[in-house]
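Below is one structure, written out as structure tokens; the observations come after it.
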Amino acid sequence: MQFLRRSLTGLLLISLTLALLAYAGYMMVAAVQHRMARAPDAGTRQERTFAVNTVLARPQTIAPVLTVYGEVRSRRSLELRAKASGSIIRLADVVENGGQVEAGQFLLRIDPADSQSALDRAESDLMDAEAEERDAARALDLAGDELEAAREQADLQQRAFARQRDLEARGASTTAAVEASELTAAAARGAVLTRRQAVASAEARVDQAATLAARARIALAEAERRLADTRLTAEFSGALSDVVVVEGGVVSVNERLATLIDPGALEVAFRVSTPQFSRLLDEDGKLRRAPVTASLDAFGVDLIAAGTITRASAAVGEGQTGRLVFARLEAAQGLKPGDFVTVNVQEPALDAVVRLPATALGADGAVLALDGEDRLEPLAVTLLRRQGDDVLVRAATDAPPLEGRNVVAQRSPLLGAGIKVRALTGSDKAAPEPQAMLELSAERRARLVAYVEGSREMPAEMRDRLLDQLAQARVPARVVERLETRMGG
């Protein structure tokens with residue numbers, strides 16, 4: 001009886017389980033059929049709107065600035081070289097790297113002993129040549145006087161011969177006397193010829209003496225020049241660089257001693273691409289005298305010098321591209337040859353151009369502008385220049401005008417044609433997040449103060465500023481984090 005009761009109870013539980021499973025299956029099938037048979041929801045969905053920053057396109061006349069990098073050079077530099085060999089017996093105090101010299105200032109002296117001896121010999125040779133010149137002149141005068149006397153004697157003998165012939169014709173003289181007189185006249189004429197030869201020799205001696213004197217004067221001038229070459233002076237005012245001499249050192253001819261640089265005659269050389277160079281030419285193809293500005297960032301202090309473009313390189317160097325342009329600098333305070341500077345070149349002004357952020361221009365050469373329904377519309381533009389983080393554009397020829405349109409300042413992949421957007425104004429932009437502040441414990445504050453006071457590499461101004469901040473009740477969290485990072489805590 002107990003077995004029958006338990007069997008019936010089990011059968012009842014199995015029946016109830018199967019009935020529940022069947023009911024669950026029926027409910028699931030009914031729900032699926034009801035879902036499939038239900039008509040779709042006819043309700044409307046709200047269109048997604050993106051918030052964008054916009055810039056109003058205002059056409060204006062802008063003079064683009066070409067930014068390149070260049071090197072400062074000196075327009076006037078001179079290598080000081082030794083013109084004579086020997087030891088340096090005297091050296092000016094200013095002959096050192098960075099020494100400032102004036103035009104004509106004495107720099108150094110090379111031992112002039114050999115040059116002085118050569119000068120003395122040249123002066124002695126000149127004295128001998130001048131004495132020979134005077135002696136030759138006197139000999140010429142004497143030879144002239146002797147020639148004159150020989151001519152007078154020849155005239156007398158000729159007249160005597162004429163008288164003897166006259167006496168012979170009248171029978172008052174003999175033939176022997178006439179012949180003797182004729183021989184005497186012939187001998188007198190021979191003496192005249194001899195004296196003429198003596199005069200010619202004296203004239204040749206005078207000419208030779210003059211030549212010797214001229215050579216002696218040339219040798220004297222050369223000796224004086226060599227003696228002067230032992231003394232080196234500054235050709236112009238400037239500063240000395242690359243000095244390699246000391247007093248007592250021995251130098252040879254043409255050895256480089258130092259370099260003299262004029263710090264007031266500086267220029268900057270910078271290389272530009274060929275398209276950039278073409279924008280620096282005028283209508284006649286000549287280089288514009290465009291104004292430039294050279295700046296050097298020296299740890300927060302900018303050294304700036306204005307200048308003007310003067311010339312361009314005549315040829316492209318081997319392995320180089322573009323063009324090398326030179327600009328003369330005026331009043332370049334603080335700049336030195338060799339400085340690597342940033343050069344800003346003022347280009348000719350462009351009319352009817354729009355300045356936009358560089359992020360507004362897409363890779364397709366178009367910008368996104370808002371239409372009357374606050375939807376985005378792509379506008380094709382022509383890129384004229386890039387100016388740092390901005391671009392100068394102008395509406396393409398076959399594109400709608402850009403003037404007065406609100407242009408998206410920052411494009412993203414989510415933005416495209418036809419998308420509805422909401423333009424943000426200045427009041428809609430999120431305010432900057434306030435700086436986080438910390439309240440330090442006494443131990444932590446003391447440890448930071450001790451580190452700042454014990455730091456010898458930290459500038460005094462920065463140390464004082466950090467100590468003032470650590471003295472406040474609340475300290476910026478960024479300052480605390482930076483100091484503890486350096487401390488290793």
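All residue names refer to the structure tokens as shown: chains lettered A, B, ... in order, residues numbered from 1 in each chain, ligands numbered from 1 in order.
Shell of stretch 385-388 of chain A at 12 Å, with only C-alpha atoms counted and residues fewer than 5 places along the chain excluded, is Ile62, Ala63, Pro64, Val65, Leu66, Thr67, Val68, Pro275, Gln276, Arg279, Asn344, Val345, Gln346, Glu347, Ala349, Leu350, Val353, Val354, Arg355, Leu356, Pro357, Ala358, Thr359, Leu361, Val393 and Arg394 of chain A.
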Generate the output file for the selected residues, N, CA and C atoms, as a short mmCIF file (atom, residue, chain, number, x, y, z; two decimals), in the first residue's frame.
data_model
loop_
_atom_site.label_atom_id
_atom_site.label_comp_id
_atom_site.auth_asym_id
_atom_site.auth_seq_id
_atom_site.Cartn_x
_atom_site.Cartn_y
_atom_site.Cartn_z
N ILE A 62 46.38 90.30 -46.63
CA ILE A 62 47.37 89.79 -45.67
C ILE A 62 48.71 89.67 -46.37
N ALA A 63 49.75 90.12 -45.70
CA ALA A 63 51.12 89.95 -46.19
C ALA A 63 51.69 88.68 -45.56
N PRO A 64 51.86 87.60 -46.30
CA PRO A 64 52.36 86.36 -45.70
C PRO A 64 53.80 86.52 -45.20
N VAL A 65 54.13 85.73 -44.23
CA VAL A 65 55.48 85.72 -43.66
C VAL A 65 56.09 84.35 -43.90
N LEU A 66 57.22 84.34 -44.61
CA LEU A 66 57.94 83.10 -44.89
C LEU A 66 58.92 82.83 -43.75
N THR A 67 58.76 81.71 -43.08
CA THR A 67 59.61 81.37 -41.94
C THR A 67 60.59 80.27 -42.35
N VAL A 68 61.88 80.58 -42.25
CA VAL A 68 62.94 79.62 -42.56
C VAL A 68 64.01 79.74 -41.48
N PRO A 275 60.02 77.06 -55.21
CA PRO A 275 58.75 77.81 -55.22
C PRO A 275 58.77 79.01 -54.27
N GLN A 276 59.38 78.85 -53.10
CA GLN A 276 59.47 79.99 -52.19
C GLN A 276 60.34 81.10 -52.77
N ARG A 279 58.55 83.33 -55.20
CA ARG A 279 57.65 84.33 -54.60
C ARG A 279 58.41 85.56 -54.12
N ASN A 344 62.30 85.40 -40.61
CA ASN A 344 60.96 85.69 -41.11
C ASN A 344 61.08 86.70 -42.25
N VAL A 345 60.61 86.30 -43.43
CA VAL A 345 60.70 87.12 -44.63
C VAL A 345 59.31 87.64 -44.97
N GLN A 346 59.19 88.95 -45.14
CA GLN A 346 57.91 89.56 -45.47
C GLN A 346 57.67 89.42 -46.97
N GLU A 347 56.62 88.68 -47.34
CA GLU A 347 56.28 88.49 -48.74
C GLU A 347 55.31 89.59 -49.21
N ALA A 349 51.91 91.36 -50.30
CA ALA A 349 50.57 91.18 -49.74
C ALA A 349 49.67 90.45 -50.74
N LEU A 350 48.75 89.64 -50.20
CA LEU A 350 47.76 88.92 -50.99
C LEU A 350 46.38 89.51 -50.70
N VAL A 353 42.01 87.15 -49.23
CA VAL A 353 42.33 85.83 -48.70
C VAL A 353 41.70 85.70 -47.32
N VAL A 354 41.48 84.45 -46.90
CA VAL A 354 40.84 84.14 -45.63
C VAL A 354 41.84 83.38 -44.78
N ARG A 355 42.01 83.81 -43.54
CA ARG A 355 42.88 83.11 -42.59
C ARG A 355 42.03 82.14 -41.78
N LEU A 356 42.38 80.86 -41.80
CA LEU A 356 41.67 79.82 -41.09
C LEU A 356 42.65 78.97 -40.31
N PRO A 357 42.19 78.29 -39.25
CA PRO A 357 43.08 77.32 -38.58
C PRO A 357 43.47 76.21 -39.54
N ALA A 358 44.67 75.71 -39.39
CA ALA A 358 45.14 74.64 -40.29
C ALA A 358 44.28 73.39 -40.16
N THR A 359 43.65 73.18 -38.98
CA THR A 359 42.79 72.01 -38.79
C THR A 359 41.48 72.11 -39.55
N LEU A 361 41.23 72.75 -42.76
CA LEU A 361 41.43 72.31 -44.13
C LEU A 361 41.60 70.80 -44.15
N VAL A 393 43.69 80.82 -47.38
CA VAL A 393 42.99 80.14 -48.47
C VAL A 393 42.15 81.16 -49.23
N ARG A 394 41.72 80.72 -50.38
CA ARG A 394 40.82 81.50 -51.22
C ARG A 394 39.89 80.51 -51.91
#
Atom CA of A:Gly322 to atom CA of A:Thr293, straight-line distance in Å: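 Calculated distance between atom CA of A:Thr293 and atom CA of A:Gly322 is 20.4 Å.
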Selected residue of minimal separation from A:Arg288 among A:Val325, A:Val95, A:Ala150, A:Ala22, counting only C-alpha atoms: A:Val325
Residue neighbourhood stretch 338-340 of chain A, 7 Å, only C-alpha atoms, exclusion window fewer than 5 positions, as a ChimeraX atom specification: /A:70-73
Would you write out those residues with C-alpha atoms, as a PDB file, in the first residue's frame?
ATOM      1  CA  GLY A  70      69.546  80.469 -41.411  1.00  0.00           C
ATOM      2  CA  GLU A  71      73.043  81.122 -40.151  1.00  0.00           C
ATOM      3  CA  VAL A  72      74.515  84.473 -39.177  1.00  0.00           C
ATOM      4  CA  ARG A  73      77.707  85.341 -41.048  1.00  0.00           C
TER       5      ARG A  73
END
Which of stretch 139-376 of chain A end up as alpha helix (DSSP H) when DSSP is run on this backbone - answer as number ranges by chain? A: 139-170, 175-229, 274-278
Output C-alpha atoms of each residue in that selection to a file, as a tab-separated table (two decimals), in the first residue's frame.
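Once written, selection_4.tsv looks like this:
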chain	number	residue	atom	x	y	z
A	139	ALA	CA	133.10	112.23	-66.09
A	140	LEU	CA	130.58	113.14	-68.78
A	141	ASP	CA	131.16	116.83	-68.17
A	142	LEU	CA	134.94	116.37	-68.46
A	143	ALA	CA	134.57	114.29	-71.60
A	144	GLY	CA	132.43	117.05	-73.10
A	145	ASP	CA	135.04	119.66	-72.27
A	146	GLU	CA	137.81	117.52	-73.78
A	147	LEU	CA	135.74	117.06	-76.94
A	148	GLU	CA	135.24	120.80	-77.21
A	149	ALA	CA	139.00	121.38	-76.82
A	150	ALA	CA	139.80	118.72	-79.44
A	151	ARG	CA	137.41	120.37	-81.86
A	152	GLU	CA	139.03	123.77	-81.30
A	153	GLN	CA	142.47	122.25	-81.86
A	154	ALA	CA	141.23	120.53	-85.01
A	155	ASP	CA	139.91	123.86	-86.30
A	156	LEU	CA	143.27	125.49	-85.64
A	157	GLN	CA	145.14	122.73	-87.43
A	158	GLN	CA	142.75	122.93	-90.32
A	159	ARG	CA	143.32	126.66	-90.63
A	160	ALA	CA	147.09	126.10	-90.43
A	161	PHE	CA	146.85	123.56	-93.21
A	162	ALA	CA	144.88	126.03	-95.30
A	163	ARG	CA	147.61	128.70	-94.80
A	164	GLN	CA	150.32	126.28	-95.84
A	165	ARG	CA	148.48	125.47	-99.00
A	166	ASP	CA	148.03	129.15	-99.70
A	167	LEU	CA	151.73	129.76	-99.14
A	168	GLU	CA	152.56	126.84	-101.41
A	169	ALA	CA	150.43	128.30	-104.12
A	170	ARG	CA	152.36	131.59	-103.86
A	175	THR	CA	155.49	120.69	-100.28
A	176	ALA	CA	156.93	118.98	-97.21
A	177	ALA	CA	155.59	121.72	-94.97
A	178	VAL	CA	152.14	121.40	-96.54
A	179	GLU	CA	152.11	117.66	-96.06
A	180	ALA	CA	153.22	118.01	-92.45
A	181	SER	CA	150.44	120.52	-91.82
A	182	GLU	CA	147.93	118.21	-93.46
A	183	LEU	CA	149.05	115.30	-91.29
A	184	THR	CA	148.72	117.46	-88.18
A	185	ALA	CA	145.16	118.46	-89.20
A	186	ALA	CA	144.26	114.80	-89.80
A	187	ALA	CA	145.63	113.86	-86.38
A	188	ALA	CA	143.53	116.62	-84.81
A	189	ARG	CA	140.43	115.26	-86.48
A	190	GLY	CA	141.30	111.78	-85.15
A	191	ALA	CA	141.61	113.28	-81.67
A	192	VAL	CA	138.11	114.76	-82.04
A	193	LEU	CA	136.77	111.33	-82.97
A	194	THR	CA	138.48	109.82	-79.93
A	195	ARG	CA	136.95	112.43	-77.65
A	196	ARG	CA	133.53	111.76	-79.13
A	197	GLN	CA	133.95	108.09	-78.27
A	198	ALA	CA	134.94	109.11	-74.74
A	199	VAL	CA	131.81	111.25	-74.48
A	200	ALA	CA	129.68	108.31	-75.66
A	201	SER	CA	131.31	106.06	-73.06
A	202	ALA	CA	130.66	108.67	-70.37
A	203	GLU	CA	127.00	108.92	-71.40
A	204	ALA	CA	126.69	105.13	-71.24
A	205	ARG	CA	128.26	105.20	-67.80
A	206	VAL	CA	125.73	107.82	-66.70
A	207	ASP	CA	122.86	105.67	-67.96
A	208	GLN	CA	124.30	102.60	-66.26
A	209	ALA	CA	124.70	104.52	-63.03
A	210	ALA	CA	121.09	105.69	-63.24
A	211	THR	CA	119.96	102.08	-63.75
A	212	LEU	CA	122.00	100.92	-60.79
A	213	ALA	CA	120.56	103.71	-58.65
A	214	ALA	CA	117.01	102.78	-59.67
A	215	ARG	CA	117.66	99.14	-58.78
A	216	ALA	CA	119.11	100.22	-55.45
A	217	ARG	CA	116.01	102.31	-54.72
A	218	ILE	CA	113.78	99.33	-55.59
A	219	ALA	CA	115.84	97.11	-53.29
A	220	LEU	CA	115.58	99.75	-50.56
A	221	ALA	CA	111.80	99.98	-50.94
A	222	GLU	CA	111.55	96.19	-50.80
A	223	ALA	CA	113.69	96.08	-47.67
A	224	GLU	CA	111.53	98.77	-46.07
A	225	ARG	CA	108.41	96.82	-46.97
A	226	ARG	CA	109.84	93.62	-45.49
A	227	LEU	CA	110.71	95.49	-42.35
A	228	ALA	CA	107.19	96.92	-42.19
A	229	ASP	CA	105.79	93.40	-42.66
A	274	THR	CA	62.51	76.98	-55.51
A	275	PRO	CA	58.75	77.81	-55.22
A	276	GLN	CA	59.47	79.99	-52.19
A	277	PHE	CA	62.29	81.73	-54.06
A	278	SER	CA	59.96	82.45	-56.99
Quote the spacing between atom CA of A:Pro263 and atom CA of A:Glu235 in Å to one decimal place.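 Between these atoms lies a distance of 14.0 Å.
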Pick from A:Leu80, A:Val316, A:Leu280, A:Pro348 nearest to A:Val244, counting only C-alpha atoms: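 With only C-alpha atoms as the atom set, the closest residue is A:Leu80.
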12 Å contact set for stretch 439-456 of chain A, only C-alpha atoms, chain neighbours under 4 positions out, as a list in words: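 Here the qualifying residues turn out to be Ala460, Glu461, Met462, Arg463, Asp464, Arg465, Leu466, Leu467, Asp468, Gln469, Leu470, Ala471, Gln472, Ala473, Arg474, Val475, Pro476, Ala477, Val479, Val480, Glu481, Arg482, Leu483, Glu484, Thr485, Arg486, Met487, Gly488 and Gly489 of chain A.
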Which polymer residues have any atom within 8 Å of an atom of A:Val101, counting only C-alpha atoms, with same-chain residues fewer than 5 positions away left out, as a PyMOL selection string? chain A and resi 94+234+237-240
Dump all heavy atoms for the selected residues as an mmCIF file, in the first residue's frame?
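For reference, result.cif as written:
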data_model
loop_
_atom_site.group_PDB
_atom_site.id
_atom_site.type_symbol
_atom_site.label_atom_id
_atom_site.label_comp_id
_atom_site.auth_asym_id
_atom_site.auth_seq_id
_atom_site.Cartn_x
_atom_site.Cartn_y
_atom_site.Cartn_z
ATOM 1 N N VAL A 94 95.530 92.724 -26.439
ATOM 2 C CA VAL A 94 94.203 92.450 -27.009
ATOM 3 C C VAL A 94 94.211 91.251 -27.938
ATOM 4 O O VAL A 94 93.148 90.827 -28.407
ATOM 5 C CB VAL A 94 93.682 93.684 -27.771
ATOM 6 C CG1 VAL A 94 93.452 94.839 -26.830
ATOM 7 C CG2 VAL A 94 94.636 94.074 -28.891
ATOM 8 N N ALA A 234 95.805 96.056 -37.201
ATOM 9 C CA ALA A 234 94.424 95.724 -37.584
ATOM 10 C C ALA A 234 94.006 96.560 -38.783
ATOM 11 O O ALA A 234 94.177 97.781 -38.786
ATOM 12 C CB ALA A 234 93.476 95.963 -36.409
ATOM 13 N N SER A 237 88.276 97.897 -37.592
ATOM 14 C CA SER A 237 87.812 97.649 -36.221
ATOM 15 C C SER A 237 86.984 96.375 -36.179
ATOM 16 O O SER A 237 86.167 96.116 -37.069
ATOM 17 C CB SER A 237 86.972 98.827 -35.726
ATOM 18 O OG SER A 237 87.723 100.021 -35.731
ATOM 19 N N GLY A 238 87.215 95.571 -35.158
ATOM 20 C CA GLY A 238 86.464 94.329 -35.036
ATOM 21 C C GLY A 238 86.916 93.522 -33.835
ATOM 22 O O GLY A 238 87.515 94.045 -32.895
ATOM 23 N N ALA A 239 86.621 92.226 -33.893
ATOM 24 C CA ALA A 239 86.962 91.296 -32.818
ATOM 25 C C ALA A 239 87.823 90.174 -33.381
ATOM 26 O O ALA A 239 87.664 89.762 -34.531
ATOM 27 C CB ALA A 239 85.703 90.720 -32.171
ATOM 28 N N LEU A 240 88.730 89.690 -32.548
ATOM 29 C CA LEU A 240 89.640 88.621 -32.961
ATOM 30 C C LEU A 240 89.045 87.264 -32.608
ATOM 31 O O LEU A 240 88.397 87.098 -31.570
ATOM 32 C CB LEU A 240 90.996 88.782 -32.278
ATOM 33 C CG LEU A 240 91.803 90.023 -32.662
ATOM 34 C CD1 LEU A 240 93.083 90.093 -31.854
ATOM 35 C CD2 LEU A 240 92.110 90.041 -34.152
#
Test item: residues at most 10 Å from stretch 400-405 of chain A, only C-alpha atoms, excluding those fewer than 6 positions along its chain, as a PDB file with N, CA and C atoms, in the first residue's frame:
ATOM      1  N   THR A  54      33.355  77.059 -34.804  1.00  0.00           N
ATOM      2  CA  THR A  54      33.321  77.666 -36.135  1.00  0.00           C
ATOM      3  C   THR A  54      34.118  78.965 -36.143  1.00  0.00           C
ATOM      4  N   VAL A  55      34.534  79.324 -37.346  1.00  0.00           N
ATOM      5  CA  VAL A  55      35.266  80.564 -37.583  1.00  0.00           C
ATOM      6  C   VAL A  55      34.579  81.289 -38.725  1.00  0.00           C
ATOM      7  N   LEU A  56      34.353  82.576 -38.546  1.00  0.00           N
ATOM      8  CA  LEU A  56      33.730  83.375 -39.588  1.00  0.00           C
ATOM      9  C   LEU A  56      34.770  83.740 -40.640  1.00  0.00           C
ATOM     10  N   ALA A  57      34.497  83.413 -41.897  1.00  0.00           N
ATOM     11  CA  ALA A  57      35.425  83.679 -42.993  1.00  0.00           C
ATOM     12  C   ALA A  57      35.312  85.140 -43.407  1.00  0.00           C
ATOM     13  N   ARG A  58      36.394  85.891 -43.177  1.00  0.00           N
ATOM     14  CA  ARG A  58      36.420  87.308 -43.552  1.00  0.00           C
ATOM     15  C   ARG A  58      37.566  87.535 -44.538  1.00  0.00           C
ATOM     16  N   PRO A  59      37.311  87.783 -45.803  1.00  0.00           N
ATOM     17  CA  PRO A  59      38.389  88.080 -46.763  1.00  0.00           C
ATOM     18  C   PRO A  59      39.097  89.379 -46.389  1.00  0.00           C
ATOM     19  N   GLN A  60      40.416  89.383 -46.464  1.00  0.00           N
ATOM     20  CA  GLN A  60      41.217  90.549 -46.122  1.00  0.00           C
ATOM     21  C   GLN A  60      42.532  90.503 -46.875  1.00  0.00           C
ATOM     22  N   ALA A 352      42.133  89.567 -50.818  1.00  0.00           N
ATOM     23  CA  ALA A 352      40.936  88.714 -50.749  1.00  0.00           C
ATOM     24  C   ALA A 352      41.277  87.288 -50.333  1.00  0.00           C
ATOM     25  N   VAL A 353      42.010  87.153 -49.233  1.00  0.00           N
ATOM     26  CA  VAL A 353      42.334  85.828 -48.697  1.00  0.00           C
ATOM     27  C   VAL A 353      41.704  85.698 -47.320  1.00  0.00           C
ATOM     28  N   VAL A 354      41.485  84.452 -46.903  1.00  0.00           N
ATOM     29  CA  VAL A 354      40.844  84.143 -45.629  1.00  0.00           C
ATOM     30  C   VAL A 354      41.837  83.381 -44.780  1.00  0.00           C
ATOM     31  N   VAL A 367      36.946  72.800 -47.145  1.00  0.00           N
ATOM     32  CA  VAL A 367      36.549  73.105 -45.771  1.00  0.00           C
ATOM     33  C   VAL A 367      35.059  72.848 -45.638  1.00  0.00           C
ATOM     34  N   LEU A 368      34.601  72.666 -44.386  1.00  0.00           N
ATOM     35  CA  LEU A 368      33.183  72.432 -44.112  1.00  0.00           C
ATOM     36  C   LEU A 368      32.561  73.717 -43.581  1.00  0.00           C
ATOM     37  N   ALA A 369      31.526  74.195 -44.264  1.00  0.00           N
ATOM     38  CA  ALA A 369      30.835  75.420 -43.872  1.00  0.00           C
ATOM     39  C   ALA A 369      29.381  75.106 -43.548  1.00  0.00           C
ATOM     40  N   LEU A 370      28.785  75.915 -42.683  1.00  0.00           N
ATOM     41  CA  LEU A 370      27.386  75.728 -42.284  1.00  0.00           C
ATOM     42  C   LEU A 370      26.485  76.436 -43.287  1.00  0.00           C
ATOM     43  N   ASP A 371      25.390  75.723 -43.653  1.00  0.00           N
ATOM     44  CA  ASP A 371      24.411  76.363 -44.524  1.00  0.00           C
ATOM     45  C   ASP A 371      23.297  76.980 -43.687  1.00  0.00           C
ATOM     46  N   GLY A 372      22.196  77.372 -44.301  1.00  0.00           N
ATOM     47  CA  GLY A 372      21.113  78.021 -43.575  1.00  0.00           C
ATOM     48  C   GLY A 372      20.398  77.118 -42.607  1.00  0.00           C
ATOM     49  N   PRO A 378      30.575  71.023 -47.913  1.00  0.00           N
ATOM     50  CA  PRO A 378      31.992  71.143 -48.287  1.00  0.00           C
ATOM     51  C   PRO A 378      32.184  72.234 -49.335  1.00  0.00           C
ATOM     52  N   LEU A 379      33.208  73.048 -49.119  1.00  0.00           N
ATOM     53  CA  LEU A 379      33.554  74.119 -50.061  1.00  0.00           C
ATOM     54  C   LEU A 379      35.012  73.932 -50.482  1.00  0.00           C
ATOM     55  N   ALA A 380      35.218  73.830 -51.774  1.00  0.00           N
ATOM     56  CA  ALA A 380      36.581  73.683 -52.291  1.00  0.00           C
ATOM     57  C   ALA A 380      37.309  75.019 -52.198  1.00  0.00           C
ATOM     58  N   VAL A 381      38.551  74.981 -51.709  1.00  0.00           N
ATOM     59  CA  VAL A 381      39.363  76.196 -51.556  1.00  0.00           C
ATOM     60  C   VAL A 381      40.737  75.942 -52.163  1.00  0.00           C
ATOM     61  N   VAL A 393      43.690  80.824 -47.379  1.00  0.00           N
ATOM     62  CA  VAL A 393      42.990  80.144 -48.475  1.00  0.00           C
ATOM     63  C   VAL A 393      42.151  81.165 -49.231  1.00  0.00           C
ATOM     64  N   ARG A 394      41.715  80.715 -50.381  1.00  0.00           N
ATOM     65  CA  ARG A 394      40.821  81.502 -51.222  1.00  0.00           C
ATOM     66  C   ARG A 394      39.888  80.514 -51.911  1.00  0.00           C
TER      67      ARG A 394
END
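Residues surrounding A:Leu329 within 7 Å are A:Leu266, A:Glu267, A:Ala305, A:Ala306, A:Gly307, A:Thr308 [only C-alpha atoms; sequence separation below 4 positions excluded].
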Once DSSP has gone over the backbone, tell me which residues of stretch 219-441 of chain A are in strand (DSSP E or B), as a ChimeraX atom specification. /A:231-233,238-241,250-251,256-261,266-272,281,287,291-298,301-312,323-330,340-346,350-357,366-370,375-387,390-395,406-408,420-424,437-439
